[in-house]
Each structure stands twice: as structure tokens, then as C-alpha cells.
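Presented below is the structure to which this report refers.
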Amino acid sequence: MKWKETMATQLDLADAQLLGFSYAKDGYSITMLVEDMGLTKSEWLTLKKKYPIVIYLSESDIDEIDKNFE
């Protein structure tokens, strides 16, 4: 990966984190964030399988997102 592509990826990640912080600060639910992100069920299942989401999401947050994709 080229340096500019790496920087763009890092900036995209920072932007996503700040967006999540903003949603939480303004009182929006995790479901609203997921919907506004355009996260698909397939992407959610990949996140659950390959990322350590239990470190930063509670069991109830995970359940709420799961229910959103039912």
C-alpha cells in the first residue's frame, strides 16, 4: 500500500471514530449509527467474526445491532 493510500485509510478511520463519538454525544442509538453508516448484514457479521468488538461494545449493543439485521 502506498503512503498516500495508507494516510487516506487512517484519516477515514479517524473520521469514523469521530462520527461515532458525535452520535453518542448527541444521544443517538447504536442502531441509528449503524443505519446511517450503511452497514450491511454481511459487513456486520465480518466485524463480529474478525474484529475485537467485545472490547468496545457491550453485549446489549451487540444484541441491538443483531436485532437490527433480523
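Letters A, B, ... mark the chains of the C-alpha cells in the order given; residue numbers begin at 1 per chain; ligand numbers begin at 1, in order shown.
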Original post:
Near region 7-20 of chain A, within 12 Å and counting only C-alpha atoms, which residues show up once chain neighbours fewer than 2 positions away are dropped, as a PyMOL selection string?
Top reply: chain A and resi 1-5+22-34+36-37+56
Please save C-alpha atoms of the selected residues as an mmCIF file, in the first residue's frame.
data_model
loop_
_atom_site.group_PDB
_atom_site.id
_atom_site.type_symbol
_atom_site.label_atom_id
_atom_site.label_comp_id
_atom_site.auth_asym_id
_atom_site.auth_seq_id
_atom_site.Cartn_x
_atom_site.Cartn_y
_atom_site.Cartn_z
ATOM 1 C CA MET A 1 0.000 0.000 0.000
ATOM 2 C CA LYS A 2 1.330 3.395 -0.909
ATOM 3 C CA TRP A 3 1.892 6.118 1.690
ATOM 4 C CA LYS A 4 -0.972 8.314 0.418
ATOM 5 C CA GLU A 5 -3.359 5.353 0.441
ATOM 6 C CA SER A 22 -20.530 12.664 17.836
ATOM 7 C CA TYR A 23 -23.516 10.307 17.615
ATOM 8 C CA ALA A 24 -23.008 9.151 21.194
ATOM 9 C CA LYS A 25 -22.568 12.699 22.472
ATOM 10 C CA ASP A 26 -25.795 13.771 20.774
ATOM 11 C CA GLY A 27 -27.706 10.837 22.283
ATOM 12 C CA TYR A 28 -28.310 8.771 19.156
ATOM 13 C CA SER A 29 -28.603 4.996 19.486
ATOM 14 C CA ILE A 30 -26.158 2.434 18.191
ATOM 15 C CA THR A 31 -28.848 1.302 15.740
ATOM 16 C CA MET A 32 -29.149 4.791 14.288
ATOM 17 C CA LEU A 33 -25.391 4.937 13.818
ATOM 18 C CA VAL A 34 -25.318 1.537 12.095
ATOM 19 C CA ASP A 36 -26.634 5.880 8.889
ATOM 20 C CA MET A 37 -23.277 4.193 8.225
ATOM 21 C CA TYR A 56 -15.730 -1.549 22.939
#
**OP:** Using only C-alpha atoms, determine which residues lie at most 12 Å from Asp63 (chain A), disregarding the query and same-chain residues fewer than 6 positions distant; provide the list as a list in words.
**Re:** Ile30, Thr31, Trp44, Lys48, Val54, Leu57, Phe69 and Glu70 of chain A
Output file for the residues above (C-alpha atoms, as a compact mmCIF listing (two decimals), in the first residue's frame):
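What landed in selection28.txt:
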# COMPACT_ATOMS: atom_id res chain seq x y z
CA ILE A 30 -26.16 2.43 18.19
CA THR A 31 -28.85 1.30 15.74
CA TRP A 44 -21.64 -6.71 10.47
CA LYS A 48 -18.24 -9.73 14.68
CA VAL A 54 -16.47 -7.02 22.59
CA LEU A 57 -19.33 -2.72 22.52
CA PHE A 69 -30.43 -7.11 10.88
CA GLU A 70 -33.13 -9.69 11.60
Original post:
Per DSSP on the backbone, what are the alpha helix (DSSP H) residues of chain A, as a ChimeraX atom specification?
Top reply: /A:3-25,30-37,41-50,59-68
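Considering only C-alpha atoms, the residue among A:Glu35, A:Leu47, A:Ile53, A:Lys41 positioned nearest to Asp66 (chain A) is A:Lys41.
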